[in-house]
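Data from run-v8.pdb: PDB, C-alpha atoms, pLDDT in the B column
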```
MODEL        1
ATOM      1  CA  MET A  13      88.789 183.087  79.082  1.00 50.00           C
ATOM      2  CA  THR A  14      91.312 180.548  80.371  1.00 49.00           C
ATOM      3  CA  THR A  15      95.099 180.712  80.147  1.00 48.00           C
ATOM      4  CA  THR A  16      95.125 178.133  77.346  1.00 50.00           C
ATOM      5  CA  GLU A  17      92.857 180.330  75.245  1.00 50.00           C
ATOM      6  CA  THR A  18      95.099 183.394  75.517  1.00 50.00           C
ATOM      7  CA  ASN A  19      98.305 184.016  73.643  1.00 51.00           C
ATOM      8  CA  GLU A  20     100.393 184.141  76.837  1.00 49.00           C
ATOM      9  CA  GLN A  21     103.726 182.367  76.621  1.00 48.00           C
ATOM     10  CA  PRO A  22     105.409 180.798  79.661  1.00 49.00           C
ATOM     11  CA  ASP A  23     108.586 182.527  80.843  1.00 49.00           C
ATOM     12  CA  LYS A  24     110.713 179.358  80.882  1.00 47.00           C
ATOM     13  CA  GLN A  25     110.940 176.290  78.696  1.00 48.00           C
ATOM     14  CA  THR A  26     109.420 173.002  79.709  1.00 47.00           C
ATOM     15  CA  SER A  27     110.772 169.712  78.511  1.00 48.00           C
ATOM     16  CA  GLY A  28     110.318 166.005  78.903  1.00 53.00           C
ATOM     17  CA  CYS A  29     112.680 165.694  81.863  1.00 57.00           C
ATOM     18  CA  GLY A  30     109.766 165.413  84.276  1.00 60.00           C
ATOM     19  CA  LYS A  31     110.058 168.856  85.831  1.00 54.00           C
ATOM     20  CA  SER A  32     107.574 171.633  85.324  1.00 63.00           C
ATOM     21  CA  VAL A  33     110.362 174.121  84.558  1.00 73.00           C
ATOM     22  CA  CYS A  34     113.591 172.917  82.984  1.00 72.00           C
ATOM     23  CA  LEU A  35     116.440 175.353  82.517  1.00 77.00           C
ATOM     24  CA  CYS A  36     118.564 172.895  80.559  1.00 77.00           C
ATOM     25  CA  GLY A  37     116.018 172.489  77.763  1.00 79.00           C
ATOM     26  CA  GLY A  38     116.191 168.687  77.996  1.00 81.00           C
ATOM     27  CA  THR A  39     119.960 168.400  77.546  1.00 86.00           C
ATOM     28  CA  GLY A  40     120.584 167.341  81.140  1.00 86.00           C
ATOM     29  CA  PRO A  41     120.518 163.557  80.585  1.00 88.00           C
ATOM     30  CA  THR A  42     122.901 163.838  77.619  1.00 90.00           C
ATOM     31  CA  VAL A  43     125.336 166.039  79.528  1.00 90.00           C
ATOM     32  CA  SER A  44     125.199 163.662  82.511  1.00 90.00           C
ATOM     33  CA  ALA A  45     125.933 160.652  80.301  1.00 91.00           C
ATOM     34  CA  VAL A  46     128.929 162.395  78.704  1.00 91.00           C
ATOM     35  CA  ALA A  47     130.252 163.432  82.130  1.00 89.00           C
ATOM     36  CA  GLN A  48     129.949 159.873  83.454  1.00 89.00           C
ATOM     37  CA  GLN A  49     131.768 158.503  80.417  1.00 90.00           C
ATOM     38  CA  MET A  50     134.570 161.047  80.866  1.00 87.00           C
ATOM     39  CA  LEU A  51     134.926 160.133  84.549  1.00 83.00           C
ATOM     40  CA  LYS A  52     135.178 156.463  83.616  1.00 84.00           C
ATOM     41  CA  GLN A  53     137.736 157.158  80.923  1.00 85.00           C
ATOM     42  CA  PHE A  54     139.910 159.718  82.726  1.00 86.00           C
ATOM     43  CA  GLY A  55     139.169 158.851  86.357  1.00 84.00           C
ATOM     44  CA  PRO A  56     141.395 156.812  88.653  1.00 86.00           C
ATOM     45  CA  SER A  57     141.827 153.089  88.068  1.00 87.00           C
ATOM     46  CA  GLU A  58     140.378 150.476  90.414  1.00 89.00           C
ATOM     47  CA  PRO A  59     143.669 149.943  92.330  1.00 93.00           C
ATOM     48  CA  VAL A  60     143.939 153.689  92.897  1.00 91.00           C
ATOM     49  CA  LYS A  61     140.329 153.857  94.132  1.00 90.00           C
ATOM     50  CA  ARG A  62     140.989 150.965  96.544  1.00 95.00           C
ATOM     51  CA  HIS A  63     144.142 152.684  97.802  1.00 96.00           C
ATOM     52  CA  PHE A  64     142.281 155.918  98.546  1.00 94.00           C
ATOM     53  CA  GLN A  65     139.430 154.045 100.219  1.00 95.00           C
ATOM     54  CA  ASN A  66     141.908 152.185 102.452  1.00 96.00           C
ATOM     55  CA  ALA A  67     143.654 155.464 103.247  1.00 97.00           C
ATOM     56  CA  ARG A  68     140.326 157.037 104.189  1.00 96.00           C
ATOM     57  CA  LEU A  69     139.581 154.118 106.506  1.00 97.00           C
ATOM     58  CA  GLU A  70     142.995 154.430 108.136  1.00 97.00           C
ATOM     59  CA  ILE A  71     142.460 158.144 108.765  1.00 97.00           C
ATOM     60  CA  LEU A  72     139.093 157.429 110.387  1.00 97.00           C
ATOM     61  CA  LYS A  73     140.648 154.672 112.524  1.00 97.00           C
ATOM     62  CA  GLY A  74     143.363 157.108 113.602  1.00 97.00           C
ATOM     63  CA  LEU A  75     140.758 159.692 114.597  1.00 97.00           C
ATOM     64  CA  ARG A  76     138.865 157.037 116.534  1.00 98.00           C
ATOM     65  CA  ALA A  77     142.067 156.047 118.372  1.00 98.00           C
ATOM     66  CA  MET A  78     142.750 159.701 119.280  1.00 98.00           C
ATOM     67  CA  ILE A  79     139.192 160.150 120.583  1.00 97.00           C
ATOM     68  CA  ASP A  80     139.340 156.890 122.571  1.00 96.00           C
ATOM     69  CA  SER A  81     142.650 157.965 124.088  1.00 96.00           C
ATOM     70  CA  ARG A  82     141.245 161.335 125.117  1.00 94.00           C
ATOM     71  CA  ILE A  83     138.159 159.684 126.637  1.00 91.00           C
ATOM     72  CA  ASN A  84     140.377 157.327 128.663  1.00 92.00           C
ATOM     73  CA  ASP A  85     142.536 160.233 129.839  1.00 91.00           C
ATOM     74  CA  LEU A  86     139.475 162.120 131.045  1.00 88.00           C
ATOM     75  CA  GLN A  87     137.975 159.091 132.764  1.00 86.00           C
ATOM     76  CA  ASN A  88     141.213 158.182 134.540  1.00 87.00           C
ATOM     77  CA  SER A  89     142.301 161.696 135.507  1.00 82.00           C
ATOM     78  CA  GLY A  90     140.769 161.409 138.982  1.00 73.00           C
ATOM     79  CA  THR A  91     139.535 164.954 139.007  1.00 68.00           C
ATOM     80  CA  ALA A  92     136.165 165.674 140.524  1.00 60.00           C
ATOM     81  CA  ARG A  93     133.425 166.032 137.997  1.00 66.00           C
ATOM     82  CA  GLY A  94     131.278 168.204 140.164  1.00 71.00           C
ATOM     83  CA  THR A  95     130.507 169.342 143.663  1.00 76.00           C
ATOM     84  CA  LYS A  96     128.068 167.476 145.871  1.00 79.00           C
ATOM     85  CA  LEU A  97     125.453 169.659 147.491  1.00 83.00           C
ATOM     86  CA  SER A  98     123.081 168.691 150.220  1.00 87.00           C
ATOM     87  CA  VAL A  99     119.492 169.504 149.403  1.00 90.00           C
ATOM     88  CA  ASP A 100     117.096 170.325 152.254  1.00 81.00           C
TER      89      ASP A 100
ENDMDL
END
```
Using structure tokens, write down the structure that the file contains.
Amino acid sequence: MTTTETNEQPDKQTSGCGKSVCLCGGTGPTVSAVAQQMLKQFGPSEPVKRHFQNARLEILKGLRAMIDSRINDLQNSGTARGTKLSVD
């Protein structure tokens, strides 16, 4: 007797969302669409988004400048980077 011939029920629901086991019962796409609409409606405007993107770029440029400065300091410090050994 195969599984399809028995009266066994699967433990979890399956739905048309393309997954073998779906915990949301197929409501995932609807919830996602509502969430996206809410973000559009209540999210920041385009000028605000551009401002934050520019700020993020400026922070990254500042970090790059700090790293470049530290690299230059280490390269120009004149300290020995190691000890030369003669190998027989």
Seminar exercise, completed: note - CA of Arg76 (chain A) and CA of Pro59 (chain A) are separated by 25.7 Å
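We find CA of Gln65 (chain A) and CA of Asp80 (chain A) to be spaced 22.5 Å apart.
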Return as JSON the box centre and box size in Å, one decimal, for an axis-aligned box around all listed atoms of region 69-83 of chain A padded by 4 Å per side.
```
{"center_x": 140.8, "center_y": 157.7, "center_z": 116.6, "size_x": 13.2, "size_y": 15.2, "size_z": 28.1}
```
